[in-house]
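S.K.: Handing over run.pdb, PDB, C-alpha atoms, pLDDT in the B column.
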```
ATOM      1  CA  MET A   1       8.848  -0.637  12.982  1.00 42.00           C
ATOM      2  CA  ARG A   2       5.995  -3.129  12.942  1.00 47.00           C
ATOM      3  CA  ARG A   3       3.764  -3.390  15.963  1.00 42.00           C
ATOM      4  CA  ASP A   4       4.215  -6.103  18.575  1.00 49.00           C
ATOM      5  CA  LYS A   5       1.754  -8.998  18.373  1.00 48.00           C
ATOM      6  CA  ASP A   6       0.461  -8.214  21.867  1.00 49.00           C
ATOM      7  CA  ASP A   7      -0.362  -4.586  21.022  1.00 48.00           C
ATOM      8  CA  ASP A   8      -4.052  -3.765  20.691  1.00 47.00           C
ATOM      9  CA  ILE A   9      -4.487  -2.118  17.281  1.00 42.00           C
ATOM     10  CA  TYR A  10      -7.295   0.013  18.657  1.00 45.00           C
ATOM     11  CA  ASP A  11      -4.756   1.813  20.857  1.00 49.00           C
ATOM     12  CA  PHE A  12      -3.084   3.101  17.671  1.00 49.00           C
ATOM     13  CA  MET A  13      -5.867   3.509  15.121  1.00 55.00           C
ATOM     14  CA  SER A  14      -8.771   5.884  14.906  1.00 63.00           C
ATOM     15  CA  SER A  15     -12.124   4.504  13.825  1.00 67.00           C
ATOM     16  CA  ASP A  16     -11.762   6.490  10.567  1.00 70.00           C
ATOM     17  CA  THR A  17      -8.479   4.717   9.787  1.00 64.00           C
ATOM     18  CA  LEU A  18      -9.997   1.287  10.369  1.00 64.00           C
ATOM     19  CA  LYS A  19     -13.122   2.204   8.387  1.00 68.00           C
ATOM     20  CA  ARG A  20     -11.060   3.449   5.452  1.00 66.00           C
ATOM     21  CA  ALA A  21      -8.934   0.279   5.511  1.00 65.00           C
ATOM     22  CA  GLU A  22     -12.076  -1.850   5.301  1.00 68.00           C
ATOM     23  CA  GLU A  23     -13.459   0.324   2.463  1.00 68.00           C
ATOM     24  CA  LEU A  24     -10.225  -0.052   0.508  1.00 64.00           C
ATOM     25  CA  CYS A  25     -10.197  -3.828   0.965  1.00 62.00           C
ATOM     26  CA  ALA A  26     -13.838  -4.057  -0.105  1.00 63.00           C
ATOM     27  CA  SER A  27     -13.123  -2.021  -3.250  1.00 60.00           C
ATOM     28  CA  MET A  28     -10.262  -4.259  -4.379  1.00 58.00           C
ATOM     29  CA  SER A  29     -11.014  -6.764  -7.070  1.00 55.00           C
ATOM     30  CA  SER A  30     -11.526 -10.319  -5.933  1.00 52.00           C
ATOM     31  CA  ASN A  31      -9.330 -11.342  -8.867  1.00 49.00           C
ATOM     32  CA  LEU A  32      -5.686 -11.483  -7.945  1.00 46.00           C
ATOM     33  CA  GLY A  33      -3.497  -9.417 -10.222  1.00 50.00           C
ATOM     34  CA  LEU A  34      -0.184 -11.091  -9.572  1.00 46.00           C
ATOM     35  CA  GLU A  35       2.675 -10.442 -11.938  1.00 51.00           C
ATOM     36  CA  ARG A  36       6.321 -11.414 -11.803  1.00 49.00           C
ATOM     37  CA  ARG A  37       9.036  -8.972 -12.824  1.00 54.00           C
ATOM     38  CA  GLY A  38      12.436 -10.364 -12.092  1.00 59.00           C
ATOM     39  CA  GLN A  39      12.190 -12.139  -8.743  1.00 64.00           C
ATOM     40  CA  LEU A  40       9.414  -9.962  -7.277  1.00 71.00           C
ATOM     41  CA  VAL A  41       5.716 -10.711  -7.148  1.00 76.00           C
ATOM     42  CA  HIS A  42       3.588  -7.634  -7.797  1.00 83.00           C
ATOM     43  CA  CYS A  43       0.147  -7.378  -6.123  1.00 87.00           C
ATOM     44  CA  GLN A  44      -2.660  -4.908  -6.760  1.00 89.00           C
ATOM     45  CA  GLY A  45      -3.524  -2.556  -3.919  1.00 91.00           C
ATOM     46  CA  ALA A  46      -4.515   0.961  -2.922  1.00 92.00           C
ATOM     47  CA  VAL A  47      -2.937   3.744  -0.882  1.00 94.00           C
ATOM     48  CA  SER A  48      -4.725   6.611   0.859  1.00 92.00           C
ATOM     49  CA  ASP A  49      -3.248   9.635   2.624  1.00 91.00           C
ATOM     50  CA  MET A  50      -5.117   9.789   5.935  1.00 87.00           C
ATOM     51  CA  ALA A  51      -4.352  13.526   6.218  1.00 84.00           C
ATOM     52  CA  GLN A  52      -6.103  14.330   2.907  1.00 80.00           C
ATOM     53  CA  SER A  53      -9.837  14.494   2.371  1.00 70.00           C
ATOM     54  CA  GLY A  54      -9.730  14.557  -1.449  1.00 63.00           C
ATOM     55  CA  ASP A  55      -9.216  11.290  -3.320  1.00 61.00           C
ATOM     56  CA  ARG A  56     -10.094   8.419  -1.027  1.00 76.00           C
ATOM     57  CA  PHE A  57      -7.415   6.210  -2.568  1.00 87.00           C
ATOM     58  CA  ILE A  58      -5.009   5.747  -5.465  1.00 90.00           C
ATOM     59  CA  GLU A  59      -4.585   2.335  -7.068  1.00 92.00           C
ATOM     60  CA  VAL A  60      -1.034   0.995  -6.817  1.00 94.00           C
ATOM     61  CA  THR A  61       0.968  -2.097  -7.584  1.00 92.00           C
ATOM     62  CA  VAL A  62       2.878  -3.338  -4.538  1.00 93.00           C
ATOM     63  CA  ALA A  63       6.235  -5.094  -4.819  1.00 90.00           C
ATOM     64  CA  ASP A  64       7.896  -6.558  -1.733  1.00 81.00           C
ATOM     65  CA  PRO A  65      11.665  -6.636  -2.312  1.00 74.00           C
ATOM     66  CA  ASP A  66      12.068  -8.447   1.033  1.00 72.00           C
ATOM     67  CA  GLN A  67      13.835  -5.489   2.644  1.00 71.00           C
ATOM     68  CA  GLY A  68      12.274  -5.612   6.089  1.00 80.00           C
ATOM     69  CA  ASP A  69       9.610  -2.964   6.538  1.00 90.00           C
ATOM     70  CA  THR A  70      10.002  -1.393   3.078  1.00 93.00           C
ATOM     71  CA  LEU A  71       7.744  -1.987   0.070  1.00 94.00           C
ATOM     72  CA  THR A  72       7.863  -0.539  -3.434  1.00 93.00           C
ATOM     73  CA  LEU A  73       4.722   1.193  -4.735  1.00 96.00           C
ATOM     74  CA  ILE A  74       4.101   1.674  -8.462  1.00 94.00           C
ATOM     75  CA  SER A  75       1.301   3.953  -9.666  1.00 94.00           C
ATOM     76  CA  SER A  76      -0.008   5.355 -12.939  1.00 92.00           C
ATOM     77  CA  LYS A  77      -0.270   8.799 -11.307  1.00 92.00           C
ATOM     78  CA  PRO A  78       2.172  10.722  -9.115  1.00 93.00           C
ATOM     79  CA  LEU A  79       1.976  10.058  -5.377  1.00 94.00           C
ATOM     80  CA  PRO A  80       2.618  13.090  -3.154  1.00 93.00           C
ATOM     81  CA  ALA A  81       4.728  12.481  -0.047  1.00 95.00           C
ATOM     82  CA  SER A  82       2.804  11.238   2.992  1.00 94.00           C
ATOM     83  CA  ASN A  83       3.725  10.578   6.617  1.00 95.00           C
ATOM     84  CA  ASN A  84       0.350   8.953   7.337  1.00 92.00           C
ATOM     85  CA  ALA A  85      -0.450   6.695   4.376  1.00 94.00           C
ATOM     86  CA  LEU A  86      -2.822   3.751   4.633  1.00 93.00           C
ATOM     87  CA  LEU A  87      -1.822   0.898   2.291  1.00 94.00           C
ATOM     88  CA  VAL A  88      -3.931  -2.183   1.607  1.00 92.00           C
ATOM     89  CA  TYR A  89      -3.198  -5.035  -0.785  1.00 91.00           C
ATOM     90  CA  ARG A  90      -4.061  -8.694  -1.240  1.00 85.00           C
ATOM     91  CA  PRO A  91      -1.121 -11.075  -1.883  1.00 83.00           C
ATOM     92  CA  ALA A  92      -3.409 -14.143  -1.674  1.00 79.00           C
ATOM     93  CA  PRO A  93      -7.152 -14.807  -1.348  1.00 79.00           C
ATOM     94  CA  GLY A  94      -8.358 -13.968   2.163  1.00 78.00           C
ATOM     95  CA  SER A  95      -4.985 -12.494   3.067  1.00 81.00           C
ATOM     96  CA  ASP A  96      -5.447  -8.712   3.036  1.00 85.00           C
ATOM     97  CA  ARG A  97      -2.499  -6.633   4.217  1.00 90.00           C
ATOM     98  CA  LYS A  98      -3.280  -3.308   5.950  1.00 91.00           C
ATOM     99  CA  TYR A  99      -0.485  -0.972   6.968  1.00 94.00           C
ATOM    100  CA  LEU A 100       0.008   2.600   8.094  1.00 94.00           C
ATOM    101  CA  GLY A 101       3.265   4.039   6.894  1.00 96.00           C
ATOM    102  CA  ALA A 102       5.114   6.820   5.139  1.00 97.00           C
ATOM    103  CA  HIS A 103       6.554   7.409   1.693  1.00 97.00           C
ATOM    104  CA  PRO A 104       8.383  10.219  -0.108  1.00 97.00           C
ATOM    105  CA  GLU A 105       7.041  11.835  -3.275  1.00 97.00           C
ATOM    106  CA  SER A 106       7.071   9.364  -6.162  1.00 96.00           C
ATOM    107  CA  TRP A 107       9.422   9.684  -9.116  1.00 94.00           C
ATOM    108  CA  LEU A 108       8.918   8.834 -12.776  1.00 92.00           C
ATOM    109  CA  GLY A 109      10.069   5.321 -13.682  1.00 88.00           C
ATOM    110  CA  LYS A 110      12.780   4.910 -16.298  1.00 85.00           C
ATOM    111  CA  ARG A 111      11.903   1.551 -17.925  1.00 78.00           C
ATOM    112  CA  GLN A 112      12.108   1.852 -21.697  1.00 76.00           C
ATOM    113  CA  GLU A 113       9.066  -0.425 -22.223  1.00 74.00           C
ATOM    114  CA  ASP A 114       6.963   1.880 -20.020  1.00 70.00           C
ATOM    115  CA  LYS A 115       7.794   4.955 -22.091  1.00 75.00           C
ATOM    116  CA  ASP A 116       4.270   5.318 -23.547  1.00 80.00           C
ATOM    117  CA  ASN A 117       2.578   4.415 -20.263  1.00 84.00           C
ATOM    118  CA  PRO A 118       4.505   6.196 -17.477  1.00 88.00           C
ATOM    119  CA  HIS A 119       4.746   4.715 -13.997  1.00 92.00           C
ATOM    120  CA  TYR A 120       5.589   6.484 -10.760  1.00 94.00           C
ATOM    121  CA  ILE A 121       7.640   4.720  -8.097  1.00 94.00           C
ATOM    122  CA  THR A 122       8.137   5.296  -4.377  1.00 96.00           C
ATOM    123  CA  ARG A 123       9.353   3.389  -1.329  1.00 96.00           C
ATOM    124  CA  TYR A 124       6.773   2.789   1.400  1.00 97.00           C
ATOM    125  CA  THR A 125       7.997   2.328   4.975  1.00 96.00           C
ATOM    126  CA  ILE A 126       5.655   0.288   7.188  1.00 94.00           C
ATOM    127  CA  LEU A 127       5.113   1.956  10.561  1.00 94.00           C
ATOM    128  CA  ARG A 128       2.176  -0.122  11.851  1.00 92.00           C
ATOM    129  CA  ASP A 129       0.429  -3.330  10.855  1.00 90.00           C
ATOM    130  CA  ILE A 130      -3.294  -2.708  11.369  1.00 88.00           C
ATOM    131  CA  ARG A 131      -4.742  -6.049  10.324  1.00 75.00           C
ATOM    132  CA  THR A 132      -7.443  -7.056  12.747  1.00 56.00           C
ATOM    133  CA  GLN A 133      -7.121 -10.360  14.529  1.00 44.00           C
ATOM    134  CA  ARG A 134     -10.131 -12.539  13.742  1.00 44.00           C
TER
END
```
Render the structure in this file as structure tokens.
M.R.:
Amino acid sequence: MRRDKDDDIYDFMSSDTLKRAEELCASMSSNLGLERRGQLVHCQGAVSDMAQSGDRFIEVTVADPDQGDTLTLISSKPLPASNNALLVYRPAPGSDRKYLGAHPESWLGKRQEDKDNPHYITRYTILRDIRTQR
């Protein structure tokens, strides 16, 4: 469930979460990597498990199938399940999206054209929108 507009994000987020979200946004390319597959627009982004101290983030492609609070994540490496995953992506210039959510372990995609370059897929459920109000 997304947060109410009147909620103060600082009531929900630790300073580490907000700092990591800003780091992820800063590390994203300023070039938009939009791609259309079928009727979905794919955006470049990054996901980070807030409970892990290893890799700071994994690059992902984000597809919004317009299913409420659920997004599809596509990665070149497997994504372990996470109940506290920070996701950032940029669907348009100056329009960073920052969410905390959860996703199950990713599975190997089955597209024939991706056979030589495997992709891993998972569904990301948005629990909180942590974009700061400027």
S.K.: Which polymer residues have any atom within 9 Å of an atom of stretch 63-80 of chain A, counting only C-alpha atoms, with same-chain residues fewer than 5 positions away left out, as a VMD selection string?
M.R.: chain A and resid 1 to 2 39 to 43 47 49 58 103 to 109 117 to 127
S.K.: Would you list the contacts of A:Met50 as an mmCIF file with C-alpha atoms, in the frame of the given file, taking every protein, DNA or RNA residue within 9 Å and counting only C-alpha atoms, but skipping same-chain residues closer than 3 positions in sequence?
M.R.:
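And here's selection.cif as it stands now:
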```cif
data_model
loop_
_atom_site.group_PDB
_atom_site.id
_atom_site.type_symbol
_atom_site.label_atom_id
_atom_site.label_comp_id
_atom_site.auth_asym_id
_atom_site.auth_seq_id
_atom_site.Cartn_x
_atom_site.Cartn_y
_atom_site.Cartn_z
ATOM 1 C CA ASP A 16 -11.762 6.490 10.567
ATOM 2 C CA THR A 17 -8.479 4.717 9.787
ATOM 3 C CA ARG A 20 -11.060 3.449 5.452
ATOM 4 C CA SER A 53 -9.837 14.494 2.371
ATOM 5 C CA ARG A 56 -10.094 8.419 -1.027
ATOM 6 C CA SER A 82 2.804 11.238 2.992
ATOM 7 C CA ASN A 83 3.725 10.578 6.617
ATOM 8 C CA ASN A 84 0.350 8.953 7.337
ATOM 9 C CA ALA A 85 -0.450 6.695 4.376
ATOM 10 C CA LEU A 86 -2.822 3.751 4.633
#
```
S.K.: Please measure the separation of atom CA of A:Val88 and atom CA of A:Asp116, giving the value in Å to one decimal.
M.R.: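 Atom-to-atom, atom CA of A:Val88 to atom CA of A:Asp116, that is 27.5 Å.
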S.K.: Go ahead and compute the interatomic distance for atom CA of A:Ala81 and atom CA of A:Gln112, in Å to one decimal.
M.R.: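 Distance reported for this atom pair: 25.2 Å.
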S.K.: Counting all atoms listed in the file, which of A:Arg131, A:Ala46, A:Thr61, A:Ala51 gets nearest to A:Gly94?
M.R.: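 When distances to A:Gly94 are compared using all atoms listed in the file, the smallest one comes from A:Arg131.
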S.K.: In Å to one decimal, how far is atom CA of A:Tyr99 from atom CA of A:Leu87?
M.R.: 5.2 Å
